[in-house]
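Asker: Provided herewith: run.tsv, TSV, C-alpha atoms.
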```
chain	number	residue	atom	x	y	z
A	1	MET	CA	69.49	131.39	53.98
A	2	GLY	CA	70.77	132.69	57.28
A	3	SER	CA	70.24	135.93	59.10
A	4	SER	CA	69.56	139.06	57.07
A	5	SER	CA	70.91	141.30	59.81
A	6	GLY	CA	74.54	142.23	60.36
A	7	LEU	CA	76.61	139.51	61.97
A	8	VAL	CA	78.68	139.83	65.09
A	9	CYS	CA	82.04	138.12	65.29
A	10	PRO	CA	81.63	134.71	66.97
A	11	LYS	CA	82.48	134.92	70.69
A	12	GLY	CA	84.15	138.29	70.14
A	13	LYS	CA	86.86	136.87	67.87
A	14	GLN	CA	88.40	139.11	65.26
A	15	PRO	CA	88.50	137.74	61.70
A	16	LEU	CA	91.77	136.66	60.13
A	17	PHE	CA	90.89	138.94	57.21
A	18	SER	CA	87.86	140.04	55.23
A	19	PHE	CA	86.97	140.64	51.59
A	20	GLY	CA	84.16	142.31	49.64
A	21	VAL	CA	81.74	140.51	47.32
A	22	ILE	CA	79.36	141.52	44.55
A	23	SER	CA	77.92	139.75	41.52
A	24	ASP	CA	76.05	140.33	38.26
A	25	VAL	CA	76.29	144.10	37.98
A	26	GLN	CA	75.37	143.79	34.27
A	27	TYR	CA	75.52	147.53	33.65
A	28	ALA	CA	74.30	148.99	30.37
A	29	ASP	CA	73.31	152.53	29.42
A	30	ILE	CA	69.86	151.42	28.26
A	31	PRO	CA	66.32	151.65	29.69
A	32	ASP	CA	65.24	149.16	32.35
A	33	GLY	CA	64.00	145.80	31.09
A	34	ARG	CA	63.07	142.31	32.20
A	35	SER	CA	64.63	138.86	32.17
A	36	PHE	CA	63.12	136.08	30.04
A	37	LEU	CA	61.23	135.12	33.22
A	38	GLY	CA	59.83	138.64	33.55
A	39	VAL	CA	62.00	139.76	36.49
A	40	PRO	CA	62.74	143.53	36.34
A	41	ARG	CA	66.32	144.55	35.52
A	42	TYR	CA	67.73	147.98	36.32
A	43	TYR	CA	70.60	148.41	33.88
A	44	ARG	CA	71.60	151.99	34.67
A	45	ASN	CA	71.04	151.69	38.41
A	46	SER	CA	73.38	148.72	38.77
A	47	ILE	CA	76.50	150.86	38.49
A	48	LEU	CA	75.15	152.99	41.35
A	49	VAL	CA	74.91	149.79	43.43
A	50	LEU	CA	78.58	149.12	42.62
A	51	GLN	CA	79.55	152.69	43.54
A	52	MET	CA	77.78	152.33	46.89
A	53	ALA	CA	79.53	148.98	47.44
A	54	VAL	CA	83.00	150.43	46.78
A	55	ASP	CA	82.28	153.34	49.12
A	56	ARG	CA	81.17	150.96	51.90
A	57	TRP	CA	84.14	148.63	51.37
A	58	ASN	CA	86.58	151.54	51.52
A	59	ASN	CA	85.04	152.95	54.68
A	60	ASN	CA	84.52	149.70	56.55
A	61	GLN	CA	86.68	149.37	59.66
A	62	ARG	CA	87.60	145.84	58.53
A	63	LYS	CA	90.00	147.18	55.83
A	64	HIS	CA	89.09	144.47	53.35
A	65	LYS	CA	92.05	142.65	51.82
A	66	PHE	CA	90.47	142.36	48.35
A	67	VAL	CA	87.14	142.25	46.51
A	68	ILE	CA	85.76	139.32	44.51
A	69	ASN	CA	83.51	140.15	41.58
A	70	LEU	CA	81.59	136.97	40.74
A	71	GLY	CA	81.10	137.97	37.10
A	72	ASP	CA	78.85	139.60	34.49
A	73	ILE	CA	79.89	143.23	34.81
A	74	VAL	CA	78.16	144.41	31.58
A	75	ASP	CA	74.84	143.13	30.21
A	76	GLY	CA	74.42	141.30	26.92
A	77	PHE	CA	71.90	143.92	25.78
A	78	CYS	CA	74.58	146.60	25.90
A	79	PRO	CA	74.92	147.97	22.33
A	80	LYS	CA	78.03	146.34	20.88
A	81	ASP	CA	79.54	149.65	19.82
A	82	GLN	CA	79.43	150.60	23.53
A	83	SER	CA	80.74	147.29	24.94
A	84	LEU	CA	84.39	148.24	25.32
A	85	ASN	CA	83.67	151.57	26.97
A	86	ALA	CA	81.01	150.05	29.23
A	87	VAL	CA	83.41	147.35	30.45
A	88	LYS	CA	86.11	149.96	31.05
A	89	GLN	CA	83.62	152.17	32.90
A	90	VAL	CA	82.63	149.40	35.32
A	91	VAL	CA	86.25	148.33	35.80
A	92	HIS	CA	87.09	151.96	36.61
A	93	GLU	CA	84.51	151.86	39.42
A	94	PHE	CA	86.07	148.69	40.82
A	95	GLU	CA	89.50	150.36	40.67
A	96	LYS	CA	88.28	152.98	43.15
A	97	PHE	CA	88.41	150.27	45.81
A	98	ASN	CA	91.51	150.61	48.01
A	99	GLY	CA	92.87	147.20	47.11
A	100	PRO	CA	92.83	144.56	44.37
A	101	THR	CA	89.69	143.18	42.70
A	102	CYS	CA	89.62	139.52	41.66
A	103	HIS	CA	87.40	139.33	38.58
A	104	ILE	CA	85.63	136.23	37.31
A	105	ILE	CA	84.26	136.06	33.77
A	106	GLY	CA	80.57	135.39	33.15
A	107	ASN	CA	78.48	134.82	30.06
A	108	HIS	CA	77.43	138.47	29.76
A	109	CYS	CA	81.07	139.56	29.84
A	110	LEU	CA	81.68	137.24	26.87
A	111	TYR	CA	78.62	138.50	24.96
A	112	ASN	CA	80.33	141.89	24.93
A	113	LEU	CA	84.01	141.16	24.32
A	114	PRO	CA	86.05	138.16	23.19
A	115	ARG	CA	88.39	136.67	25.77
A	116	GLU	CA	91.51	138.08	24.18
A	117	ASP	CA	90.19	141.62	24.73
A	118	LEU	CA	88.35	141.04	28.01
A	119	LEU	CA	90.97	139.29	30.16
A	120	PRO	CA	93.65	142.03	29.98
A	121	ILE	CA	91.09	144.70	30.95
A	122	LEU	CA	90.02	142.60	33.95
A	123	LYS	CA	93.69	141.87	34.76
A	124	ILE	CA	92.93	138.16	34.95
A	125	PRO	CA	96.13	136.09	34.95
A	126	SER	CA	95.83	133.96	31.84
A	127	ILE	CA	97.53	131.33	29.73
A	128	ASN	CA	96.03	130.81	26.26
A	129	ASN	CA	93.08	133.06	27.21
A	130	CYS	CA	91.90	130.71	29.95
A	131	ALA	CA	90.56	132.48	33.03
A	132	TYR	CA	91.25	130.20	35.98
A	133	TYR	CA	93.78	130.97	38.70
A	134	ASP	CA	94.44	130.64	42.43
A	135	PHE	CA	95.98	132.73	45.19
A	136	SER	CA	96.67	132.57	48.91
A	137	PRO	CA	95.83	135.81	50.76
A	138	ILE	CA	97.27	134.50	54.05
A	139	GLU	CA	98.95	131.33	55.22
A	140	GLY	CA	96.33	128.61	55.70
A	141	TYR	CA	93.79	129.84	53.12
A	142	ARG	CA	93.67	129.42	49.35
A	143	PHE	CA	91.17	130.84	46.85
A	144	ILE	CA	90.57	129.10	43.53
A	145	VAL	CA	88.82	130.87	40.66
A	146	LEU	CA	87.34	128.52	38.07
A	147	ASP	CA	86.62	129.40	34.45
A	148	GLY	CA	83.05	128.16	33.97
A	149	TYR	CA	83.12	129.06	30.27
A	150	ASP	CA	86.25	127.10	29.47
A	151	ILE	CA	84.12	124.87	27.23
A	152	SER	CA	81.58	127.29	25.80
A	153	ALA	CA	79.87	128.41	22.62
A	154	ILE	CA	80.54	132.04	23.57
A	155	GLY	CA	83.77	133.99	24.00
A	156	TRP	CA	86.09	131.81	21.92
A	157	PRO	CA	86.60	132.17	18.14
A	158	HIS	CA	83.94	130.27	16.15
A	159	ASP	CA	86.45	127.67	14.97
A	160	HIS	CA	88.19	127.22	18.34
A	161	PRO	CA	88.24	123.59	19.62
A	162	ASN	CA	86.47	124.67	22.84
A	163	THR	CA	83.66	126.26	20.82
A	164	LEU	CA	83.29	123.21	18.59
A	165	GLN	CA	83.26	120.89	21.61
A	166	ALA	CA	80.56	123.03	23.27
A	167	ILE	CA	78.37	123.12	20.16
A	168	LYS	CA	78.65	119.35	19.73
A	169	PHE	CA	77.75	118.88	23.40
A	170	LEU	CA	74.72	121.18	23.18
A	171	ASN	CA	73.47	119.48	20.03
A	172	GLU	CA	73.61	116.15	21.85
A	173	LYS	CA	71.96	117.37	25.05
A	174	ASN	CA	69.47	120.05	23.92
A	175	PRO	CA	67.08	119.28	21.01
A	176	ASN	CA	65.83	122.87	20.68
A	177	ASN	CA	66.90	125.12	17.82
A	178	ASP	CA	67.37	127.86	20.40
A	179	LYS	CA	70.06	126.40	22.61
A	180	ASN	CA	69.13	128.84	25.39
A	181	SER	CA	65.66	127.27	25.57
A	182	PRO	CA	65.02	124.58	28.22
A	183	VAL	CA	61.74	123.46	26.60
A	184	GLY	CA	61.45	119.68	26.90
A	185	LEU	CA	64.40	119.40	29.27
A	186	VAL	CA	63.57	117.89	32.65
A	187	GLY	CA	65.22	118.37	36.04
A	188	LEU	CA	69.00	118.55	35.88
A	189	GLU	CA	68.85	118.36	32.06
A	190	ARG	CA	67.75	122.01	32.15
A	191	ARG	CA	71.36	123.06	32.69
A	192	PHE	CA	72.25	122.17	29.09
A	193	LEU	CA	71.80	125.72	27.82
A	194	MET	CA	74.15	127.94	25.82
A	195	PHE	CA	74.39	130.57	28.58
A	196	ASN	CA	76.04	127.98	30.82
A	197	GLY	CA	79.36	126.24	30.17
A	198	ALA	CA	81.80	123.63	31.42
A	199	VAL	CA	85.24	123.23	32.97
A	200	GLY	CA	87.54	121.48	30.48
A	201	LYS	CA	89.82	118.50	31.14
A	202	GLU	CA	93.05	120.52	31.41
A	203	GLN	CA	91.44	122.82	33.97
A	204	LEU	CA	90.00	119.84	35.88
A	205	ASP	CA	93.47	118.31	36.11
A	206	TRP	CA	94.91	121.64	37.27
A	207	PHE	CA	92.12	121.96	39.85
A	208	ASP	CA	92.77	118.47	41.20
A	209	GLY	CA	96.46	119.28	41.53
A	210	ILE	CA	95.79	122.52	43.42
A	211	LEU	CA	93.47	120.73	45.85
A	212	GLN	CA	96.01	117.97	46.40
A	213	LYS	CA	98.68	120.55	47.19
A	214	ALA	CA	96.29	122.49	49.46
A	215	THR	CA	95.55	119.28	51.35
A	216	GLU	CA	99.27	118.65	51.86
A	217	LEU	CA	99.69	122.23	53.13
A	218	ARG	CA	96.59	121.93	55.35
A	219	GLU	CA	95.02	124.92	53.66
A	220	LYS	CA	91.31	125.72	53.75
A	221	VAL	CA	90.02	126.40	50.24
A	222	VAL	CA	87.35	128.75	48.89
A	223	VAL	CA	86.22	128.03	45.32
A	224	CYS	CA	84.71	130.80	43.17
A	225	CYS	CA	82.96	130.30	39.83
A	226	HIS	CA	80.40	132.44	38.02
A	227	VAL	CA	78.24	129.38	37.34
A	228	PRO	CA	76.87	127.54	40.40
A	229	LEU	CA	78.12	124.07	41.35
A	230	ASP	CA	75.21	122.77	43.46
A	231	PRO	CA	71.61	122.22	42.28
A	232	VAL	CA	70.13	122.92	45.72
A	233	ALA	CA	71.67	126.41	45.88
A	234	SER	CA	70.69	127.30	42.30
A	235	SER	CA	67.94	126.92	39.75
A	236	MET	CA	68.45	123.87	37.53
A	237	ASP	CA	68.88	126.01	34.42
A	238	ALA	CA	71.83	127.97	35.85
A	239	LEU	CA	74.19	125.09	36.71
A	240	LEU	CA	77.61	124.32	35.31
A	241	TRP	CA	77.24	121.62	32.63
A	242	ASN	CA	79.73	119.34	34.40
A	243	TYR	CA	79.16	120.51	37.96
A	244	ASP	CA	79.12	116.84	38.99
A	245	GLU	CA	82.69	116.33	37.71
A	246	VAL	CA	83.90	119.43	39.53
A	247	MET	CA	82.18	118.41	42.75
A	248	GLY	CA	83.58	114.88	42.38
A	249	ILE	CA	87.07	116.38	42.54
A	250	ILE	CA	86.13	118.64	45.47
A	251	HIS	CA	84.70	115.70	47.40
A	252	LYS	CA	87.93	113.70	46.98
A	253	TYR	CA	89.48	116.07	49.50
A	254	ASN	CA	88.42	117.74	52.74
A	255	CYS	CA	90.01	121.12	52.09
A	256	VAL	CA	87.22	122.95	50.21
A	257	LYS	CA	84.96	124.67	52.71
A	258	VAL	CA	82.90	127.14	50.64
A	259	CYS	CA	81.94	127.62	46.99
A	260	PHE	CA	80.77	131.07	45.87
A	261	ALA	CA	78.91	131.71	42.61
A	262	GLY	CA	76.72	134.24	40.80
A	263	HIS	CA	74.65	133.78	37.61
A	264	ALA	CA	71.41	132.65	39.32
A	265	HIS	CA	70.19	136.14	40.22
A	266	ARG	CA	67.84	135.24	43.08
A	267	GLY	CA	70.75	133.88	45.08
A	268	GLY	CA	70.77	130.71	47.15
A	269	TYR	CA	72.49	128.72	49.86
A	270	SER	CA	73.01	125.04	50.61
A	271	VAL	CA	75.33	122.66	52.42
A	272	ASP	CA	76.03	119.55	50.38
A	273	SER	CA	76.38	115.93	51.54
A	274	HIS	CA	80.10	116.43	52.24
A	275	GLY	CA	79.61	119.57	54.33
A	276	VAL	CA	80.70	122.03	51.62
A	277	HIS	CA	78.81	125.34	51.76
A	278	HIS	CA	77.46	126.75	48.48
A	279	ARG	CA	76.52	130.44	48.41
A	280	VAL	CA	75.08	131.94	45.21
A	281	LEU	CA	75.04	135.74	45.47
A	282	GLU	CA	72.03	137.93	44.75
A	283	ALA	CA	72.44	140.10	41.63
A	284	ALA	CA	73.18	143.82	41.78
A	285	LEU	CA	71.31	144.15	38.46
A	286	GLU	CA	67.95	143.33	40.02
A	287	CYS	CA	68.10	146.01	42.71
A	288	PRO	CA	65.39	148.67	42.24
A	289	PRO	CA	66.66	152.23	42.75
A	290	GLY	CA	67.29	152.85	46.43
A	291	THR	CA	68.19	149.22	47.18
A	292	ASN	CA	71.51	147.35	47.11
A	293	ALA	CA	73.04	143.88	46.92
A	294	PHE	CA	76.65	143.51	47.99
A	295	GLY	CA	78.52	142.48	51.09
A	296	TYR	CA	81.74	141.42	52.73
A	297	VAL	CA	82.99	138.17	54.17
A	298	ASP	CA	84.76	137.81	57.51
A	299	VAL	CA	87.15	134.86	57.44
A	300	PHE	CA	87.84	132.85	60.60
A	301	ASP	CA	89.58	129.54	61.26
A	302	ASP	CA	86.28	127.71	61.52
A	303	ARG	CA	83.83	129.66	59.37
A	304	LEU	CA	83.12	132.30	56.78
A	305	SER	CA	80.57	134.94	57.74
A	306	LEU	CA	78.94	136.81	54.85
A	307	VAL	CA	77.59	140.17	55.98
A	308	GLY	CA	75.10	141.23	53.34
A	309	THR	CA	73.65	144.64	52.58
A	310	ASP	CA	69.94	145.02	51.88
A	311	ARG	CA	68.95	142.42	49.24
A	312	MET	CA	72.05	140.29	49.83
A	313	GLN	CA	71.27	137.89	52.66
A	314	SER	CA	73.81	137.47	55.44
A	315	THR	CA	74.99	133.88	55.82
A	316	GLU	CA	77.17	132.21	58.44
A	317	MET	CA	79.00	129.20	57.05
A	318	ILE	CA	80.47	127.05	59.83
A	319	PHE	CA	82.89	124.38	58.68
A	320	GLY	CA	82.38	120.72	59.41
A	321	TYR	CA	85.54	118.72	60.08
```
Show me this structure written as structure tokens.
Answerer:
Amino acid sequence: MGSSSGLVCPKGKQPLFSFGVISDVQYADIPDGRSFLGVPRYYRNSILVLQMAVDRWNNNQRKHKFVINLGDIVDGFCPKDQSLNAVKQVVHEFEKFNGPTCHIIGNHCLYNLPREDLLPILKIPSINNCAYYDFSPIEGYRFIVLDGYDISAIGWPHDHPNTLQAIKFLNEKNPNNDKNSPVGLVGLERRFLMFNGAVGKEQLDWFDGILQKATELREKVVVCCHVPLDPVASSMDALLWNYDEVMGIIHKYNCVKVCFAGHAHRGGYSVDSHGVHHRVLEAALECPPGTNAFGYVDVFDDRLSLVGTDRMQSTEMIFGY
């Protein structure tokens, strides 16, 4: 997955800018537990990982331009009468960073609060409670945040068209009564689980338009989505339902250089057949006390260099042209 040590700037070059990264904090004021696979989860410690991250970001000589949170700030096991306060508590920790935080919604966020309540707290620019947006931190670079739960059985009202479409889709693709169970699903079929989601048609059209414009402007693009977009970088059961449609749009152009994701807690890295780098970030939630998982990314003309801390692997992503 690349070097686990700190990276030096290539050939002494200074980065154009840098930004902080963290994913899957999943804080809850409850005792430690385990995932359905038996992996330990440290619910109370995760906010300490975030506090350490903010302190490091603020004191790094790079003066990071912003932070990207790849989603899932509060865990689904958080007692529902504590959800609002827990979300606000984690957001408050992010607000201690000396700059803006770009939040991305994940499934655990939506287990706790409906979109209409969640998006304003996260300050996500939204139309009709959709959570996709783009921004350009400097000339020549554009970041696109995708809403991986656009079509989803969680987060929308029960009678919302997006909910109904998701339920119909799951019933067609997953024969289990428990739609979070992959039993009987083989290979890439294992992604058809309720805790994943899809990018809807309107968002796909918007995405295509942004990439077309970025190509015309000769911008390099970084795509961020809570749910991974490449099966080599992620476990099969943590993929976006229609990752292939999204990647089909990406591969129409040559502007997308890197895709960041969370959700698959072990993390992962791949370079796909078109030279696009896919980096899934290791989860803060699964850090035992005394360990950490966060980092920052140095941005150059020809690469992104992720400098990870502790359990987050450092990764140098050199662009192909």
Asker: Give me the residues of stretch 162-253 of chain A that have any atom at most 9 Å from an atom of stretch 133-148 of chain A; for each, the nearest atom pair and the distance in Å, rounded to one decimal. Use all atoms listed in the file, sort by chain and number, and format it as CSV.
Answerer:
```
residue,atom,partner,partner_atom,distance
A:Asn196,CA,A:Gly148,CA,7.7
A:Gly197,CA,A:Gly148,CA,5.6
A:Ala198,CA,A:Gly148,CA,5.3
A:Val199,CA,A:Gly148,CA,5.5
A:Gly200,CA,A:Gly148,CA,8.8
A:Gln203,CA,A:Leu146,CA,8.1
A:Phe207,CA,A:Ile144,CA,8.2
A:Ile210,CA,A:Asp134,CA,8.3
A:Ala214,CA,A:Arg142,CA,7.4
A:Leu217,CA,A:Gly140,CA,7.7
A:Arg218,CA,A:Gly140,CA,6.7
A:Glu219,CA,A:Gly140,CA,4.4
A:Lys220,CA,A:Tyr141,CA,4.8
A:Val221,CA,A:Arg142,CA,4.8
A:Val222,CA,A:Phe143,CA,4.8
A:Val223,CA,A:Ile144,CA,4.8
A:Cys224,CA,A:Val145,CA,4.8
A:Cys225,CA,A:Leu146,CA,5.0
A:His226,CA,A:Gly148,CA,6.5
A:Val227,CA,A:Gly148,CA,6.0
A:Pro228,CA,A:Gly148,CA,8.9
A:Leu240,CA,A:Gly148,CA,6.8
A:Trp241,CA,A:Gly148,CA,8.9
```
Asker: Just how far from atom CA of A:Arg266 is atom CA of A:Asn59, in Å to one decimal?
Answerer: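 Separation of atom CA of A:Asn59 and atom CA of A:Arg266: 27.3 Å.
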Asker: Would you pick out the contacts of stretch 97-113 of chain A at 9 Å or less, using all atoms listed in the file, so that residues sharing its chain but fewer than 6 positions from it are not included, and give the list as number ranges by chain?
Answerer: A: 20, 24, 26, 54-55, 57-58, 63-80, 82-84, 87, 119, 122-124, 131-132, 145-149, 154-156, 195-197, 224-227, 262-263
Asker: Could you please determine the separation between atom CA of A:Pro182 and atom CA of A:Ser35 in Å, to one decimal place?
Answerer: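 Rounded to one decimal, the two atoms are 14.8 Å apart.
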Asker: Report the distance between atom CA of A:Asp302 and atom CA of A:Tyr269 in Å, rounded to one decimal place.
Answerer: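 Computed distance, atom CA of A:Asp302 to atom CA of A:Tyr269, equals 18.1 Å.
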Asker: Pick out the residues sitting within 12 Å of A:Asn292, and hand them over as a list in words; count all atoms listed in the file, and ignore anything fewer than 6 positions along from it in its own chain.
Answerer: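 Result of the neighbour search: Ile22, Ser23, Val25, Tyr42, Asn45, Ser46, Ile47, Leu48, Val49, Leu50, Gln51, Met52, Ala53, Val54, Arg56, Glu282, Ala283, Ala284, Leu285, Glu286, Gly308, Thr309, Asp310, Arg311, Met312 and Gln313 of chain A.
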Asker: Dump C-alpha atoms for the selected residues as a short mmCIF file (atom, residue, chain, number, x, y, z; two decimals), in the coordinates of the input?
Answerer:
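In the end it all went to selection.cif:
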```
data_model
loop_
_atom_site.label_atom_id
_atom_site.label_comp_id
_atom_site.auth_asym_id
_atom_site.auth_seq_id
_atom_site.Cartn_x
_atom_site.Cartn_y
_atom_site.Cartn_z
CA ILE A 22 79.36 141.52 44.55
CA SER A 23 77.92 139.75 41.52
CA VAL A 25 76.29 144.10 37.98
CA TYR A 42 67.73 147.98 36.32
CA ASN A 45 71.04 151.69 38.41
CA SER A 46 73.38 148.72 38.77
CA ILE A 47 76.50 150.86 38.49
CA LEU A 48 75.15 152.99 41.35
CA VAL A 49 74.91 149.79 43.43
CA LEU A 50 78.58 149.12 42.62
CA GLN A 51 79.55 152.69 43.54
CA MET A 52 77.78 152.33 46.89
CA ALA A 53 79.53 148.98 47.44
CA VAL A 54 83.00 150.43 46.78
CA ARG A 56 81.17 150.96 51.90
CA GLU A 282 72.03 137.93 44.75
CA ALA A 283 72.44 140.10 41.63
CA ALA A 284 73.18 143.82 41.78
CA LEU A 285 71.31 144.15 38.46
CA GLU A 286 67.95 143.33 40.02
CA GLY A 308 75.10 141.23 53.34
CA THR A 309 73.65 144.64 52.58
CA ASP A 310 69.94 145.02 51.88
CA ARG A 311 68.95 142.42 49.24
CA MET A 312 72.05 140.29 49.83
CA GLN A 313 71.27 137.89 52.66
#
```
Asker: I need the residue nearest A:Ser152 from this list: A:Ala28, A:Ile167, A:Val256, A:Ala86. Use only C-alpha atoms for the distance.
Answerer: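 When distances to A:Ser152 are compared using only C-alpha atoms, the smallest one comes from A:Ile167.
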Asker: Could you pull the residues within 10 Å of A:Asp178, counting all atoms listed in the file, minus those fewer than 5 positions along the same chain, as an NGL selection string?
Answerer: :A and (183 or 193-194)
Asker: Using all atoms listed in the file, pick whichever of A:Leu304, A:Pro125, A:Tyr27, A:Glu116 has the shortest atom-to-atom distance to A:Glu93.
Answerer: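 Nearest to A:Glu93: A:Tyr27.
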Asker: Residues proximal to (87.8, 139.5, 56.5) were defined as those with any atom within 9 Å of that point in the file's coordinates, counting all atoms listed in the file. Which are they, as a VMD selection string?
Answerer: chain A and resid 14 to 20 62 to 65 296 to 300 304 to 305
Asker: Write the residues of the selection above to a file with C-alpha atoms, as an mmCIF file, keeping the file's coordinate frame.
Answerer:
```cif
data_model
loop_
_atom_site.group_PDB
_atom_site.id
_atom_site.type_symbol
_atom_site.label_atom_id
_atom_site.label_comp_id
_atom_site.auth_asym_id
_atom_site.auth_seq_id
_atom_site.Cartn_x
_atom_site.Cartn_y
_atom_site.Cartn_z
ATOM 1 C CA GLN A 14 88.400 139.110 65.260
ATOM 2 C CA PRO A 15 88.500 137.740 61.700
ATOM 3 C CA LEU A 16 91.770 136.660 60.130
ATOM 4 C CA PHE A 17 90.890 138.940 57.210
ATOM 5 C CA SER A 18 87.860 140.040 55.230
ATOM 6 C CA PHE A 19 86.970 140.640 51.590
ATOM 7 C CA GLY A 20 84.160 142.310 49.640
ATOM 8 C CA ARG A 62 87.600 145.840 58.530
ATOM 9 C CA LYS A 63 90.000 147.180 55.830
ATOM 10 C CA HIS A 64 89.090 144.470 53.350
ATOM 11 C CA LYS A 65 92.050 142.650 51.820
ATOM 12 C CA TYR A 296 81.740 141.420 52.730
ATOM 13 C CA VAL A 297 82.990 138.170 54.170
ATOM 14 C CA ASP A 298 84.760 137.810 57.510
ATOM 15 C CA VAL A 299 87.150 134.860 57.440
ATOM 16 C CA PHE A 300 87.840 132.850 60.600
ATOM 17 C CA LEU A 304 83.120 132.300 56.780
ATOM 18 C CA SER A 305 80.570 134.940 57.740
#
```
